[in-house]
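To start, the structure under review is shown below, and the notes come after it.
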Amino acid sequence: MRVQGRRQTDSSDEISLGTVARAVWRNKRAIIGPTILIAAAAFVAVNLMTPRFKSEARVLVEGRETSSCGRRPKTADGPRLGRPETVTSQVQLVLSRDLAREVIKELNLAELPEFNAALNEFRRCRSCAPSHPQGPMSMTLEERVLGSYYDRLQAFALDKSRVISIEFQSADRSWRRRSPT
């Protein structure tokens, strides 16, 4: 008899799936209400956020062959190309203002509100008084576009290699289509 009594007490301590389902159903308003509110808040937050599209390129820095025998120049340290200064100088060329101006001109970035904040401000308030001195209207067109361009561009040398990583972010994934072919 003791064995049967133990079995009864053990089975009464167990929770069945039916019991859990009934408890959830009884408290459905306390569960469904907050769930709907959180889902709605998440939906609104995601739709208000500006999407960011990221493009990345990796460039291997190689030397050009010199002389007719096709050998690469060497220094006492070994190949000239393996020196970190060479790769660093190439990164600086990628980040140069002259190259940035060429890219901006070729892709017509000055015509996009993402790169020219004055277009957004002009659309918001066509008859406003002059902007705050630190606002986008106080800067030249070139300064605005270059600033936005450099905010979205990253170029750096990968450690212990001759590879440069170039990353660019944009809210508009179709900006590449704007380039002349």
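Please note that chains go A, B, ... in the order of the structure tokens, that every chain numbers its residues from 1, and that ligands are numbered from 1 in the order shown.
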
Near Gly147 of chain A, counting only C-alpha atoms, which residues have an atom at most 12 Å away, once you skip same-chain residues fewer than 6 positions from it, shown as an NGL selection string?
-> :A and (97 or 100-101 or 104 or 109-110 or 114-117 or 136 or 139-141 or 153)

Export of the given selection (all heavy atoms) as a CSV table (one decimal), in the first residue's frame:
```
chain,number,residue,atom,x,y,z
A,97,ARG,N,41.1,63.4,-51.1
A,97,ARG,CA,40.0,64.3,-51.5
A,97,ARG,C,39.9,64.4,-53.0
A,97,ARG,O,38.8,64.5,-53.5
A,97,ARG,CB,40.3,65.7,-51.0
A,97,ARG,CG,40.1,65.8,-49.4
A,97,ARG,CD,40.4,67.2,-48.9
A,97,ARG,NE,39.4,68.1,-49.2
A,97,ARG,CZ,38.3,68.4,-48.5
A,97,ARG,NH1,38.1,67.7,-47.4
A,97,ARG,NH2,37.4,69.3,-48.8
A,100,ALA,N,37.9,61.4,-54.0
A,100,ALA,CA,36.5,61.6,-53.5
A,100,ALA,C,35.8,62.5,-54.4
A,100,ALA,O,34.6,62.2,-54.7
A,100,ALA,CB,36.5,62.1,-52.1
A,101,ARG,N,36.4,63.6,-54.8
A,101,ARG,CA,35.7,64.5,-55.8
A,101,ARG,C,35.4,63.8,-57.1
A,101,ARG,O,34.3,64.0,-57.7
A,101,ARG,CB,36.6,65.7,-56.0
A,101,ARG,CG,36.7,66.7,-54.9
A,101,ARG,CD,37.5,67.9,-55.3
A,101,ARG,NE,37.8,68.7,-54.1
A,101,ARG,CZ,38.9,68.8,-53.5
A,101,ARG,NH1,40.0,68.2,-54.0
A,101,ARG,NH2,39.1,69.5,-52.4
A,104,ILE,N,32.4,61.5,-56.4
A,104,ILE,CA,31.2,62.3,-56.2
A,104,ILE,C,30.7,62.9,-57.6
A,104,ILE,O,29.5,62.9,-57.8
A,104,ILE,CB,31.5,63.5,-55.2
A,104,ILE,CG1,31.6,62.9,-53.8
A,104,ILE,CG2,30.4,64.6,-55.3
A,104,ILE,CD1,32.2,63.9,-52.8
A,109,LEU,N,26.6,62.4,-56.7
A,109,LEU,CA,26.2,62.3,-55.3
A,109,LEU,C,25.6,63.6,-54.8
A,109,LEU,O,24.9,63.6,-53.8
A,109,LEU,CB,27.3,61.8,-54.4
A,109,LEU,CG,27.8,60.4,-54.8
A,109,LEU,CD1,29.0,60.0,-53.8
A,109,LEU,CD2,26.7,59.3,-54.7
A,110,ALA,N,26.0,64.7,-55.3
A,110,ALA,CA,25.6,66.0,-54.9
A,110,ALA,C,24.1,66.2,-55.1
A,110,ALA,O,23.4,67.0,-54.4
A,110,ALA,CB,26.3,67.1,-55.6
A,114,GLU,N,20.7,62.2,-49.4
A,114,GLU,CA,21.5,61.5,-48.5
A,114,GLU,C,22.9,62.1,-48.3
A,114,GLU,O,23.5,62.2,-47.2
A,114,GLU,CB,21.7,60.1,-48.9
A,114,GLU,CG,22.5,59.2,-47.9
A,114,GLU,CD,22.6,57.8,-48.3
A,114,GLU,OE1,22.0,57.4,-49.3
A,114,GLU,OE2,23.3,57.1,-47.6
A,115,PHE,N,23.5,62.7,-49.4
A,115,PHE,CA,24.8,63.3,-49.4
A,115,PHE,C,24.8,64.8,-49.3
A,115,PHE,O,25.8,65.4,-49.0
A,115,PHE,CB,25.6,62.8,-50.6
A,115,PHE,CG,25.9,61.3,-50.6
A,115,PHE,CD1,25.0,60.4,-51.2
A,115,PHE,CD2,27.0,60.9,-50.0
A,115,PHE,CE1,25.3,59.1,-51.2
A,115,PHE,CE2,27.2,59.5,-49.9
A,115,PHE,CZ,26.4,58.6,-50.5
A,116,ASN,N,23.7,65.4,-49.7
A,116,ASN,CA,23.5,66.8,-49.6
A,116,ASN,C,22.4,67.2,-48.7
A,116,ASN,O,21.2,67.2,-49.1
A,116,ASN,CB,23.3,67.4,-51.0
A,116,ASN,CG,23.3,68.9,-51.1
A,116,ASN,OD1,23.4,69.5,-50.1
A,116,ASN,ND2,23.1,69.4,-52.3
A,117,ALA,N,22.7,67.3,-47.4
A,117,ALA,CA,21.7,67.6,-46.4
A,117,ALA,C,20.9,68.8,-46.6
A,117,ALA,O,19.8,69.0,-46.2
A,117,ALA,CB,22.3,67.6,-45.0
A,136,PRO,N,23.5,72.5,-42.2
A,136,PRO,CA,24.0,72.2,-43.6
A,136,PRO,C,24.0,73.4,-44.5
A,136,PRO,O,24.8,73.4,-45.5
A,136,PRO,CB,23.1,71.1,-44.0
A,136,PRO,CG,21.9,71.1,-43.2
A,136,PRO,CD,22.3,71.8,-41.9
A,139,MET,N,27.3,75.5,-45.0
A,139,MET,CA,28.5,75.0,-45.6
A,139,MET,C,28.3,75.0,-47.1
A,139,MET,O,27.2,75.1,-47.6
A,139,MET,CB,28.7,73.5,-45.1
A,139,MET,CG,28.9,73.4,-43.7
A,139,MET,SD,29.0,71.7,-42.9
A,139,MET,CE,28.8,70.6,-44.2
A,140,THR,N,29.5,74.9,-47.8
A,140,THR,CA,29.4,74.9,-49.3
A,140,THR,C,28.9,73.5,-49.7
A,140,THR,O,29.0,72.6,-48.9
A,140,THR,CB,30.8,75.2,-49.9
A,140,THR,OG1,31.6,74.1,-49.5
A,140,THR,CG2,31.3,76.5,-49.4
A,141,LEU,N,28.4,73.4,-50.9
A,141,LEU,CA,28.0,72.2,-51.5
A,141,LEU,C,29.0,71.1,-51.4
A,141,LEU,O,28.8,70.0,-51.0
A,141,LEU,CB,27.5,72.4,-52.9
A,141,LEU,CG,27.1,71.1,-53.6
A,141,LEU,CD1,25.9,70.5,-53.0
A,141,LEU,CD2,26.8,71.4,-55.1
A,153,LEU,N,32.4,56.2,-45.7
A,153,LEU,CA,33.6,55.5,-46.3
A,153,LEU,C,34.6,55.1,-45.2
A,153,LEU,O,34.9,55.9,-44.3
A,153,LEU,CB,34.3,56.4,-47.3
A,153,LEU,CG,35.5,55.8,-48.0
A,153,LEU,CD1,35.2,54.7,-48.9
A,153,LEU,CD2,36.3,56.9,-48.7
```

Atom CA of Ala41 of chain A to atom CA of Arg173 of chain A, distance in Å rounded to a single decimal |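 If I compute the distance from atom CA of Ala41 of chain A to atom CA of Arg173 of chain A, I get 26.1 Å.
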
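Taking atom CA of Ser148 of chain A and atom CA of Leu112 of chain A as the two end points, the separation is 10.7 Å.
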
Neighbours of segment 86-93 of chain A within 9 Å (only C-alpha atoms; same-chain residues fewer than 6 positions away dropped), as a ChimeraX atom specification?
-> /A:61,80,99,155-157,161-166

To one decimal in Å, tell me the separation between atom CA of Thr50 of chain A and atom CA of Asp151 of chain A.
->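 A separation of 15.3 Å between them.
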
Show which residues sit within 10 Å of Glu167 of chain A, as a list of chain:residue names. Count only C-alpha atoms, and ignore same-chain residues fewer than 4 positions away.
->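 Residues meeting the cut-off are A:Lys54, A:Ser55, A:Glu56, A:Ala57, A:Arg58, A:Arg152, A:Leu153, A:Gln154, A:Ala155, A:Phe156.
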
Keeping only all heavy atoms, write the selected residues to a file as a PDB file, in the first residue's frame.
```pdb
ATOM      1  N   LYS A  54      25.571  48.067 -47.029  1.00  0.00           N
ATOM      2  CA  LYS A  54      27.026  48.140 -46.921  1.00  0.00           C
ATOM      3  C   LYS A  54      27.655  47.361 -48.069  1.00  0.00           C
ATOM      4  O   LYS A  54      27.256  46.239 -48.361  1.00  0.00           O
ATOM      5  CB  LYS A  54      27.468  47.552 -45.583  1.00  0.00           C
ATOM      6  CG  LYS A  54      28.930  47.644 -45.313  1.00  0.00           C
ATOM      7  CD  LYS A  54      29.224  47.101 -43.921  1.00  0.00           C
ATOM      8  CE  LYS A  54      30.674  47.250 -43.561  1.00  0.00           C
ATOM      9  NZ  LYS A  54      30.943  46.754 -42.218  1.00  0.00           N
ATOM     10  N   SER A  55      28.641  47.985 -48.690  1.00  0.00           N
ATOM     11  CA  SER A  55      29.389  47.344 -49.755  1.00  0.00           C
ATOM     12  C   SER A  55      30.848  47.303 -49.332  1.00  0.00           C
ATOM     13  O   SER A  55      31.348  48.241 -48.722  1.00  0.00           O
ATOM     14  CB  SER A  55      29.223  48.149 -51.040  1.00  0.00           C
ATOM     15  OG  SER A  55      29.947  47.542 -52.090  1.00  0.00           O
ATOM     16  N   GLU A  56      31.515  46.210 -49.658  1.00  0.00           N
ATOM     17  CA  GLU A  56      32.908  46.075 -49.256  1.00  0.00           C
ATOM     18  C   GLU A  56      33.716  45.553 -50.430  1.00  0.00           C
ATOM     19  O   GLU A  56      33.262  44.707 -51.197  1.00  0.00           O
ATOM     20  CB  GLU A  56      33.029  45.104 -48.087  1.00  0.00           C
ATOM     21  CG  GLU A  56      34.446  44.890 -47.634  1.00  0.00           C
ATOM     22  CD  GLU A  56      34.567  43.903 -46.483  1.00  0.00           C
ATOM     23  OE1 GLU A  56      33.535  43.376 -46.025  1.00  0.00           O
ATOM     24  OE2 GLU A  56      35.698  43.666 -46.055  1.00  0.00           O
ATOM     25  N   ALA A  57      34.900  46.087 -50.568  1.00  0.00           N
ATOM     26  CA  ALA A  57      35.847  45.605 -51.570  1.00  0.00           C
ATOM     27  C   ALA A  57      37.189  45.406 -50.885  1.00  0.00           C
ATOM     28  O   ALA A  57      37.568  46.164 -50.002  1.00  0.00           O
ATOM     29  CB  ALA A  57      35.972  46.613 -52.702  1.00  0.00           C
ATOM     30  N   ARG A  58      37.893  44.395 -51.315  1.00  0.00           N
ATOM     31  CA  ARG A  58      39.247  44.154 -50.817  1.00  0.00           C
ATOM     32  C   ARG A  58      40.187  44.228 -52.006  1.00  0.00           C
ATOM     33  O   ARG A  58      39.954  43.587 -53.020  1.00  0.00           O
ATOM     34  CB  ARG A  58      39.342  42.816 -50.119  1.00  0.00           C
ATOM     35  CG  ARG A  58      38.490  42.834 -48.863  1.00  0.00           C
ATOM     36  CD  ARG A  58      38.733  41.676 -48.014  1.00  0.00           C
ATOM     37  NE  ARG A  58      37.869  41.814 -46.822  1.00  0.00           N
ATOM     38  CZ  ARG A  58      38.172  41.305 -45.680  1.00  0.00           C
ATOM     39  NH1 ARG A  58      39.267  40.613 -45.529  1.00  0.00           N
ATOM     40  NH2 ARG A  58      37.362  41.476 -44.656  1.00  0.00           N
ATOM     41  N   ARG A 152      30.538  57.875 -44.597  1.00  0.00           N
ATOM     42  CA  ARG A 152      30.106  56.555 -45.044  1.00  0.00           C
ATOM     43  C   ARG A 152      31.243  55.670 -45.552  1.00  0.00           C
ATOM     44  O   ARG A 152      31.041  54.504 -45.842  1.00  0.00           O
ATOM     45  CB  ARG A 152      29.061  56.720 -46.135  1.00  0.00           C
ATOM     46  CG  ARG A 152      27.770  57.275 -45.601  1.00  0.00           C
ATOM     47  CD  ARG A 152      26.906  57.835 -46.715  1.00  0.00           C
ATOM     48  NE  ARG A 152      25.615  58.275 -46.244  1.00  0.00           N
ATOM     49  CZ  ARG A 152      25.386  59.377 -45.584  1.00  0.00           C
ATOM     50  NH1 ARG A 152      26.382  60.181 -45.278  1.00  0.00           N
ATOM     51  NH2 ARG A 152      24.174  59.715 -45.194  1.00  0.00           N
ATOM     52  N   LEU A 153      32.436  56.225 -45.713  1.00  0.00           N
ATOM     53  CA  LEU A 153      33.565  55.507 -46.287  1.00  0.00           C
ATOM     54  C   LEU A 153      34.570  55.110 -45.213  1.00  0.00           C
ATOM     55  O   LEU A 153      34.874  55.900 -44.325  1.00  0.00           O
ATOM     56  CB  LEU A 153      34.278  56.391 -47.323  1.00  0.00           C
ATOM     57  CG  LEU A 153      35.541  55.816 -47.958  1.00  0.00           C
ATOM     58  CD1 LEU A 153      35.192  54.663 -48.894  1.00  0.00           C
ATOM     59  CD2 LEU A 153      36.281  56.900 -48.710  1.00  0.00           C
ATOM     60  N   GLN A 154      35.052  53.880 -45.306  1.00  0.00           N
ATOM     61  CA  GLN A 154      36.136  53.417 -44.445  1.00  0.00           C
ATOM     62  C   GLN A 154      37.121  52.663 -45.323  1.00  0.00           C
ATOM     63  O   GLN A 154      36.725  51.828 -46.136  1.00  0.00           O
ATOM     64  CB  GLN A 154      35.642  52.464 -43.367  1.00  0.00           C
ATOM     65  CG  GLN A 154      34.914  53.116 -42.237  1.00  0.00           C
ATOM     66  CD  GLN A 154      34.618  52.104 -41.140  1.00  0.00           C
ATOM     67  OE1 GLN A 154      34.396  50.936 -41.397  1.00  0.00           O
ATOM     68  NE2 GLN A 154      34.614  52.573 -39.913  1.00  0.00           N
ATOM     69  N   ALA A 155      38.387  52.962 -45.168  1.00  0.00           N
ATOM     70  CA  ALA A 155      39.445  52.231 -45.871  1.00  0.00           C
ATOM     71  C   ALA A 155      40.564  51.987 -44.884  1.00  0.00           C
ATOM     72  O   ALA A 155      40.976  52.891 -44.158  1.00  0.00           O
ATOM     73  CB  ALA A 155      39.934  53.034 -47.067  1.00  0.00           C
ATOM     74  N   PHE A 156      41.041  50.755 -44.838  1.00  0.00           N
ATOM     75  CA  PHE A 156      42.100  50.411 -43.908  1.00  0.00           C
ATOM     76  C   PHE A 156      42.843  49.189 -44.418  1.00  0.00           C
ATOM     77  O   PHE A 156      42.311  48.387 -45.175  1.00  0.00           O
ATOM     78  CB  PHE A 156      41.541  50.154 -42.496  1.00  0.00           C
ATOM     79  CG  PHE A 156      40.409  49.164 -42.464  1.00  0.00           C
ATOM     80  CD1 PHE A 156      40.652  47.817 -42.282  1.00  0.00           C
ATOM     81  CD2 PHE A 156      39.102  49.587 -42.624  1.00  0.00           C
ATOM     82  CE1 PHE A 156      39.613  46.905 -42.257  1.00  0.00           C
ATOM     83  CE2 PHE A 156      38.051  48.689 -42.599  1.00  0.00           C
ATOM     84  CZ  PHE A 156      38.310  47.338 -42.417  1.00  0.00           C
TER      85      PHE A 156
END
```

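Distances from A:Leu95, A:Leu158, A:Glu14, A:Glu143 to Val59 of chain A were compared using only C-alpha atoms, and the smallest one belongs to A:Leu158.
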
Pick from A:Asn47, A:Glu62, A:Pro113, A:Thr35: nearest to Arg83 of chain A, with only C-alpha atoms counted?
-> A:Glu62
